[in-house]
>>> print(open('entry_22.tsv').read())   # TSV, C-alpha atoms
chain	number	residue	atom	x	y	z
A	263	MET	CA	-0.17	-2.80	-17.85
A	264	PHE	CA	0.19	-2.74	-14.05
A	265	SER	CA	1.62	-4.70	-11.13
A	266	ILE	CA	-0.21	-5.30	-7.85
A	267	VAL	CA	2.21	-5.43	-4.91
A	268	ILE	CA	1.08	-6.97	-1.62
A	269	PRO	CA	3.28	-7.42	1.49
A	270	LEU	CA	2.30	-10.40	3.65
A	271	PHE	CA	3.07	-11.44	7.18
A	272	ASN	CA	1.20	-14.46	8.57
A	273	GLU	CA	-1.82	-14.12	6.28
A	274	SER	CA	-2.37	-17.82	5.54
A	275	GLU	CA	-6.09	-17.56	6.33
A	276	ASN	CA	-6.66	-14.50	4.14
A	277	ILE	CA	-4.49	-14.82	1.05
A	278	GLU	CA	-6.52	-17.33	-1.00
A	279	LYS	CA	-9.71	-15.30	-0.75
A	280	LEU	CA	-7.87	-12.07	-1.47
A	281	ILE	CA	-6.31	-13.40	-4.68
A	282	PHE	CA	-9.68	-14.74	-5.79
A	283	GLU	CA	-11.33	-11.36	-5.14
A	284	ILE	CA	-8.61	-9.55	-7.10
A	285	GLU	CA	-9.06	-11.86	-10.08
A	286	VAL	CA	-12.85	-11.44	-10.02
A	287	SER	CA	-12.59	-7.65	-9.71
A	288	LEU	CA	-10.18	-7.50	-12.66
A	289	LYS	CA	-11.75	-10.19	-14.85
A	290	LYS	CA	-12.08	-7.75	-17.76
A	291	ILE	CA	-8.37	-6.92	-17.62
A	292	ARG	CA	-5.69	-9.29	-18.91
A	293	ASP	CA	-2.38	-7.52	-18.61
A	294	TYR	CA	-1.43	-7.41	-14.93
A	295	GLU	CA	0.63	-9.34	-12.42
A	296	ILE	CA	0.35	-9.89	-8.67
A	297	ILE	CA	3.58	-9.60	-6.68
A	298	LEU	CA	3.39	-11.16	-3.22
A	299	VAL	CA	6.20	-10.57	-0.74
A	300	ASP	CA	6.12	-12.90	2.26
A	301	ASP	CA	7.78	-10.91	5.02
A	302	GLY	CA	9.21	-13.80	7.02
A	303	SER	CA	5.87	-15.40	7.89
A	304	THR	CA	5.90	-18.09	10.56
A	305	ASP	CA	2.65	-19.67	9.39
A	306	GLN	CA	1.77	-21.40	6.08
A	307	THR	CA	1.40	-18.25	3.96
A	308	SER	CA	4.02	-19.16	1.34
A	309	GLU	CA	3.03	-22.82	1.26
A	310	ILE	CA	-0.60	-21.95	0.51
A	311	ILE	CA	0.42	-19.60	-2.29
A	312	LYS	CA	2.68	-22.23	-3.86
A	313	LYS	CA	0.03	-24.94	-3.50
A	314	ASN	CA	-2.56	-22.91	-5.41
A	315	ASN	CA	-0.18	-22.16	-8.28
A	316	PHE	CA	-1.96	-18.91	-9.16
A	317	ASP	CA	-1.38	-17.96	-12.81
A	318	ARG	CA	-0.58	-14.27	-12.32
A	319	VAL	CA	1.20	-14.52	-9.00
A	320	LYS	CA	4.92	-14.10	-8.38
A	321	LEU	CA	6.08	-14.89	-4.85
A	322	PHE	CA	9.15	-13.42	-3.15
A	323	ASN	CA	10.27	-14.25	0.37
A	324	ASN	CA	12.17	-12.35	3.04
A	325	LEU	CA	14.23	-14.74	5.14
A	326	LYS	CA	13.19	-12.77	8.22
A	327	ASN	CA	10.66	-10.07	9.00
A	328	LYS	CA	11.94	-6.85	7.39
A	329	GLY	CA	8.84	-4.66	7.63
A	330	GLN	CA	6.15	-3.36	5.34
A	331	SER	CA	8.21	-0.69	3.59
A	332	PHE	CA	11.05	-3.07	2.77
A	333	SER	CA	8.61	-5.63	1.40
A	334	ILE	CA	6.75	-3.11	-0.74
A	335	VAL	CA	9.98	-1.77	-2.23
A	336	LYS	CA	11.18	-5.32	-2.90
A	337	GLY	CA	7.95	-6.11	-4.70
A	338	ILE	CA	8.08	-2.95	-6.78
A	339	LYS	CA	11.70	-3.56	-7.79
A	340	ASN	CA	10.74	-7.04	-8.97
A	341	SER	CA	7.69	-5.86	-10.93
A	342	ILE	CA	7.70	-5.62	-14.72
A	343	ASN	CA	5.22	-2.77	-15.19
A	344	ASP	CA	5.46	1.01	-14.83
A	345	ILE	CA	2.15	1.33	-12.94
A	346	ILE	CA	2.01	0.03	-9.38
A	347	VAL	CA	-1.05	-0.85	-7.30
A	348	THR	CA	-0.54	-1.55	-3.60
A	349	LEU	CA	-2.92	-2.97	-1.02
A	350	ASP	CA	-2.79	-4.82	2.28
A	351	GLY	CA	-2.75	-8.60	2.50
A	352	ASP	CA	-5.27	-8.80	5.33
A	353	GLY	CA	-8.36	-8.37	3.14
A	354	GLN	CA	-9.45	-5.06	4.67
A	355	ASN	CA	-8.92	-3.25	1.36
A	356	ASP	CA	-11.67	-4.22	-1.09
A	357	PRO	CA	-10.23	-5.24	-4.51
A	358	LYS	CA	-13.44	-3.95	-6.10
A	359	ASP	CA	-12.02	-0.45	-5.58
A	360	ILE	CA	-8.93	-1.14	-7.71
A	361	PRO	CA	-10.66	-0.45	-11.07
A	362	LYS	CA	-11.98	2.88	-9.74
A	363	LEU	CA	-8.51	4.11	-8.76
A	364	LEU	CA	-6.99	2.78	-11.99
A	365	ASP	CA	-9.60	4.56	-14.09
A	366	ILE	CA	-8.74	7.90	-12.48
A	367	TYR	CA	-5.02	7.30	-12.86
A	368	LEU	CA	-5.17	6.16	-16.49
A	369	ASN	CA	-7.51	8.93	-17.62
A	370	ASN	CA	-5.62	11.81	-16.02
A	371	LYS	CA	-2.08	11.96	-17.34
A	372	ASP	CA	-1.08	14.74	-14.96
A	373	ILE	CA	-1.98	12.68	-11.88
A	374	LYS	CA	0.90	10.47	-10.70
A	375	LEU	CA	-0.64	9.03	-7.53
A	376	VAL	CA	-4.22	8.08	-6.69
A	377	GLY	CA	-4.84	7.08	-3.08
A	378	GLY	CA	-7.75	5.61	-1.19
A	379	ILE	CA	-9.42	7.25	1.80
A	380	ARG	CA	-10.94	4.64	4.12
A	381	GLU	CA	-14.52	5.48	5.01
A	382	ASN	CA	-16.19	3.92	8.07
A	383	ARG	CA	-13.03	2.18	9.23
A	384	LYS	CA	-13.45	-1.25	10.79
A	385	ASP	CA	-10.37	-1.20	13.03
A	386	ASN	CA	-10.35	-1.15	16.82
A	387	TYR	CA	-10.79	2.14	18.65
A	388	SER	CA	-7.17	2.62	19.73
A	389	LYS	CA	-5.86	2.08	16.20
A	390	ILE	CA	-8.35	4.55	14.74
A	391	VAL	CA	-7.50	7.21	17.34
A	392	ALA	CA	-3.74	6.78	16.86
A	393	SER	CA	-4.20	6.98	13.10
A	394	LYS	CA	-6.28	10.15	13.29
A	395	ILE	CA	-3.75	11.88	15.52
A	396	ALA	CA	-0.85	10.84	13.29
A	397	ASN	CA	-2.72	11.94	10.15
A	398	TYR	CA	-3.54	15.32	11.71
A	399	ILE	CA	0.06	16.02	12.76
A	400	ARG	CA	1.50	14.83	9.47
A	401	SER	CA	-0.98	16.81	7.38
A	402	LYS	CA	-0.37	20.02	9.33
A	403	ILE	CA	3.40	19.79	8.93
A	404	LEU	CA	3.78	18.30	5.46
A	405	LYS	CA	0.61	19.78	3.91
A	406	ASP	CA	0.05	16.73	1.72
A	407	ARG	CA	-3.73	17.29	1.50
A	408	CYS	CA	-4.39	13.66	2.42
A	409	LYS	CA	-6.46	12.81	5.50
A	410	ASP	CA	-5.67	9.07	5.39
A	411	THR	CA	-2.16	8.40	4.16
A	412	GLY	CA	-2.23	5.04	5.97
A	413	CYS	CA	-4.62	3.50	3.45
A	414	SER	CA	-2.52	0.96	1.54
A	415	LEU	CA	-4.71	1.02	-1.56
A	416	LYS	CA	-2.85	3.29	-3.96
A	417	VAL	CA	-1.96	3.55	-7.65
A	418	PHE	CA	1.24	5.34	-8.63
A	419	GLU	CA	4.13	5.59	-11.08
A	420	LYS	CA	6.96	3.18	-10.38
A	421	LYS	CA	9.84	5.33	-11.63
A	422	ILE	CA	8.87	8.25	-9.44
A	423	PHE	CA	8.53	6.02	-6.38
A	424	LEU	CA	11.98	4.52	-6.91
A	425	SER	CA	13.49	8.00	-7.19
A	426	PHE	CA	12.69	8.73	-3.52
A	427	PRO	CA	15.38	8.09	-0.89
A	428	TYR	CA	14.42	4.90	0.93
A	429	PHE	CA	13.64	4.81	4.66
A	430	ASP	CA	11.63	2.46	6.83
A	431	GLY	CA	8.09	3.84	6.80
A	432	ILE	CA	8.25	5.42	3.34
A	433	HIS	CA	4.99	3.77	2.26
A	434	ARG	CA	3.05	5.96	4.73
A	435	PHE	CA	4.43	9.20	3.23
A	436	LEU	CA	3.84	8.74	-0.49
A	437	PRO	CA	1.27	11.57	-0.77
A	438	ALA	CA	3.71	14.01	0.86
A	439	LEU	CA	6.63	12.84	-1.28
A	440	TYR	CA	4.72	12.96	-4.57
A	441	ASN	CA	3.38	16.41	-3.71
A	442	GLY	CA	6.75	17.58	-2.44
A	443	TYR	CA	8.43	16.52	-5.67
A	444	GLY	CA	5.86	18.50	-7.67
A	445	TYR	CA	3.56	15.71	-8.83
A	446	LYS	CA	-0.22	15.93	-8.76
A	447	THR	CA	-2.16	13.53	-6.52
A	448	LYS	CA	-5.81	12.67	-6.01
A	449	PHE	CA	-7.65	10.87	-3.22
A	450	VAL	CA	-10.99	9.06	-3.34
A	451	SER	CA	-13.18	7.25	-0.83
A	452	VAL	CA	-12.80	3.47	-0.70
A	453	LYS	CA	-14.43	0.69	1.27
A	454	HIS	CA	-12.79	-0.62	4.43
A	455	ARG	CA	-13.66	-4.07	5.74
A	456	LYS	CA	-13.34	-5.82	9.05
A	457	ARG	CA	-10.45	-8.25	9.27
A	458	GLU	CA	-11.85	-11.79	9.09
A	459	PHE	CA	-8.83	-13.74	10.33
A	460	GLY	CA	-5.67	-13.03	12.29
A	461	ILE	CA	-4.55	-9.81	13.92
A	462	SER	CA	-2.92	-6.61	12.69
A	463	LYS	CA	0.85	-7.08	12.50
A	464	TYR	CA	2.06	-3.79	11.05
A	465	GLY	CA	-0.32	-1.37	12.75
A	466	ASN	CA	0.25	-0.33	16.36
A	467	LEU	CA	0.59	2.69	18.64
A	468	ARG	CA	4.36	2.83	18.18
A	469	ARG	CA	3.74	4.34	14.76
A	470	LEU	CA	2.42	7.43	16.50
A	471	TYR	CA	5.81	8.07	18.09
A	472	SER	CA	8.17	6.87	15.38
A	473	GLY	CA	6.10	8.80	12.85
A	474	ILE	CA	7.25	12.12	14.28
A	475	GLY	CA	10.84	11.38	13.32
A	476	ASP	CA	9.70	10.21	9.90
A	477	ILE	CA	7.79	13.47	9.36
A	478	VAL	CA	10.97	15.44	10.01
A	479	LYS	CA	12.86	13.12	7.66
A	480	VAL	CA	10.33	13.59	4.86
A	481	LYS	CA	10.27	17.35	5.35
A	482	ASN	CA	14.07	17.42	4.97
A	483	ILE	CA	13.93	15.19	1.87
A	484	ILE	CA	11.44	17.57	0.23
A	485	LYS	CA	13.46	20.62	1.32
A	486	GLU	CA	16.64	19.19	-0.21
A	487	ARG	CA	14.75	18.43	-3.40
A	488	LYS	CA	13.60	22.04	-3.72
A	489	SER	CA	16.96	23.61	-2.83
>>> encode(input="entry_22.tsv", output="structure tokens")
Amino acid sequence: MFSIVIPLFNESENIEKLIFEIEVSLKKIRDYEIILVDDGSTDQTSEIIKKNNFDRVKLFNNLKNKGQSFSIVKGIKNSINDIIVTLDGDGQNDPKDIPKLLDIYLNNKDIKLVGGIRENRKDNYSKIVASKIANYIRSKILKDRCKDTGCSLKVFEKKIFLSFPYFDGIHRFLPALYNGYGYKTKFVSVKHRKREFGISKYGNLRRLYSGIGDIVKVKNIIKERKS
């Protein structure tokens, strides 16, 4: 029915618990797979996954660190289902929210993307501030009606996603792209948890600066689509 895609980079201390939580949260559902993409980890992430031999898990490895967008796209291309669920591998997204987003998606045929909005974020102050500024600028320019596009917990249609031109950072602009291509989206509040182990690898202040160029890129992609 759906594929869960999770990019990983040095998450050896988090991945076992996360997989267990996903399985518990979806215990009433049988038809799903979990696609893990190890983005060139230098710790024991892949070894731990292989050791556990999880039934529903498929593991793919990048020989070197290629970034979150690359890893997500790789996972989606290797999935077997038309419905994609994405979330972070650090455990800050709560798998208990997956059924809520899926229920909205499956019961509203006109909605092609359901995204989470992190309430009471548990990140450090600088990351929260940078995220709020980036979200404000992006929302004003792209008018995607999403106040937290950085939340990785999303449910969307695979074929539509793969129709977008790829660029590094695409995963942060899915609301704008779906809206820009004429598809209906919906956003709901989800839980955000404090990271238990490790440090944030993909989130940093550089996003605030590189994101400006990405906003222009997305605006041009949407403009070309409409012309």
>>> residues_around(input="entry_22.tsv", residues="Ile477 (chain A)", least_positions_apart="2", cutoff="12 Å", atoms="only C-alpha atoms", output="number ranges by chain")
A: 396-406, 429-432, 434-436, 438-439, 469-475, 479-484
>>> atom_distance(input="entry_22.tsv", atom1="CA of Phe459 (chain A)", atom2="CA of Phe282 (chain A)")
16.2 Å
>>> closest_atom_pairs(input="entry_22.tsv", of="region 281-325 of chain A", to="region 339-363 of chain A", cutoff="12 Å", atoms="only C-alpha atoms", output="JSON lines")
{"residue": "A:Ile281", "atom": "CA", "partner": "A:Pro357", "partner_atom": "CA", "distance": 9.1}
{"residue": "A:Phe282", "atom": "CA", "partner": "A:Pro357", "partner_atom": "CA", "distance": 9.6}
{"residue": "A:Glu283", "atom": "CA", "partner": "A:Pro357", "partner_atom": "CA", "distance": 6.2}
{"residue": "A:Ile284", "atom": "CA", "partner": "A:Pro357", "partner_atom": "CA", "distance": 5.3}
{"residue": "A:Glu285", "atom": "CA", "partner": "A:Pro357", "partner_atom": "CA", "distance": 8.7}
{"residue": "A:Val286", "atom": "CA", "partner": "A:Lys358", "partner_atom": "CA", "distance": 8.5}
{"residue": "A:Ser287", "atom": "CA", "partner": "A:Lys358", "partner_atom": "CA", "distance": 5.2}
{"residue": "A:Leu288", "atom": "CA", "partner": "A:Pro361", "partner_atom": "CA", "distance": 7.2}
{"residue": "A:Lys289", "atom": "CA", "partner": "A:Pro361", "partner_atom": "CA", "distance": 10.5}
{"residue": "A:Lys290", "atom": "CA", "partner": "A:Pro361", "partner_atom": "CA", "distance": 10.0}
{"residue": "A:Ile291", "atom": "CA", "partner": "A:Pro361", "partner_atom": "CA", "distance": 9.5}
{"residue": "A:Asp293", "atom": "CA", "partner": "A:Asn343", "partner_atom": "CA", "distance": 9.6}
{"residue": "A:Tyr294", "atom": "CA", "partner": "A:Asn343", "partner_atom": "CA", "distance": 8.1}
{"residue": "A:Glu295", "atom": "CA", "partner": "A:Ser341", "partner_atom": "CA", "distance": 8.0}
{"residue": "A:Ile296", "atom": "CA", "partner": "A:Ser341", "partner_atom": "CA", "distance": 8.7}
{"residue": "A:Ile297", "atom": "CA", "partner": "A:Ser341", "partner_atom": "CA", "distance": 7.0}
{"residue": "A:Leu298", "atom": "CA", "partner": "A:Gly351", "partner_atom": "CA", "distance": 8.8}
{"residue": "A:Val299", "atom": "CA", "partner": "A:Gly351", "partner_atom": "CA", "distance": 9.7}
{"residue": "A:Asp300", "atom": "CA", "partner": "A:Gly351", "partner_atom": "CA", "distance": 9.9}
{"residue": "A:Asp301", "atom": "CA", "partner": "A:Gly351", "partner_atom": "CA", "distance": 11.1}
{"residue": "A:Thr307", "atom": "CA", "partner": "A:Gly351", "partner_atom": "CA", "distance": 10.6}
{"residue": "A:Arg318", "atom": "CA", "partner": "A:Ser341", "partner_atom": "CA", "distance": 11.9}
{"residue": "A:Val319", "atom": "CA", "partner": "A:Ser341", "partner_atom": "CA", "distance": 11.0}
{"residue": "A:Lys320", "atom": "CA", "partner": "A:Ser341", "partner_atom": "CA", "distance": 9.1}
{"residue": "A:Leu321", "atom": "CA", "partner": "A:Asn340", "partner_atom": "CA", "distance": 10.0}
{"residue": "A:Phe322", "atom": "CA", "partner": "A:Asn340", "partner_atom": "CA", "distance": 8.8}
{"residue": "A:Asn323", "atom": "CA", "partner": "A:Asn340", "partner_atom": "CA", "distance": 11.8}
>>> atom_distance(input="entry_22.tsv", atom1="CA of Lys416 (chain A)", atom2="CA of Ile334 (chain A)")
12.0 Å
>>> residues_near_point(input="entry_22.tsv", point="(-2.0, -18.5, 3.4)", cutoff="9 Å", atoms="all atoms listed in the file", output="PyMOL selection string")
chain A and resi 272-278+305-311
>>> write_last_selection(input="entry_22.tsv", atoms="C-alpha atoms", output="PDB file, in the frame of the given file")
ATOM      1  CA  ASN A 272       1.200 -14.460   8.570  1.00  0.00           C
ATOM      2  CA  GLU A 273      -1.820 -14.120   6.280  1.00  0.00           C
ATOM      3  CA  SER A 274      -2.370 -17.820   5.540  1.00  0.00           C
ATOM      4  CA  GLU A 275      -6.090 -17.560   6.330  1.00  0.00           C
ATOM      5  CA  ASN A 276      -6.660 -14.500   4.140  1.00  0.00           C
ATOM      6  CA  ILE A 277      -4.490 -14.820   1.050  1.00  0.00           C
ATOM      7  CA  GLU A 278      -6.520 -17.330  -1.000  1.00  0.00           C
ATOM      8  CA  ASP A 305       2.650 -19.670   9.390  1.00  0.00           C
ATOM      9  CA  GLN A 306       1.770 -21.400   6.080  1.00  0.00           C
ATOM     10  CA  THR A 307       1.400 -18.250   3.960  1.00  0.00           C
ATOM     11  CA  SER A 308       4.020 -19.160   1.340  1.00  0.00           C
ATOM     12  CA  GLU A 309       3.030 -22.820   1.260  1.00  0.00           C
ATOM     13  CA  ILE A 310      -0.600 -21.950   0.510  1.00  0.00           C
ATOM     14  CA  ILE A 311       0.420 -19.600  -2.290  1.00  0.00           C
TER      15      ILE A 311
END
>>> closest_residue(input="entry_22.tsv", among="A:Asp317, A:Asn386, A:His433, A:Asp410", to="Ser333 (chain A)", atoms="all atoms listed in the file")
A:His433
>>> atom_distance(input="entry_22.tsv", atom1="CA of His454 (chain A)", atom2="CA of Ile390 (chain A)")
12.4 Å
>>> closest_residue(input="entry_22.tsv", among="A:Tyr428, A:Tyr440, A:Phe264, A:Tyr445", to="Ser331 (chain A)", atoms="all atoms listed in the file")
A:Tyr428
>>> closest_residue(input="entry_22.tsv", among="A:Asn314, A:Lys485, A:Val450, A:Lys374", to="Glu419 (chain A)", atoms="all atoms listed in the file")
A:Lys374
>>> closest_residue(input="entry_22.tsv", among="A:Asn315, A:Ser388, A:Asn382, A:Ser425", to="Ser451 (chain A)", atoms="all atoms listed in the file")
A:Asn382
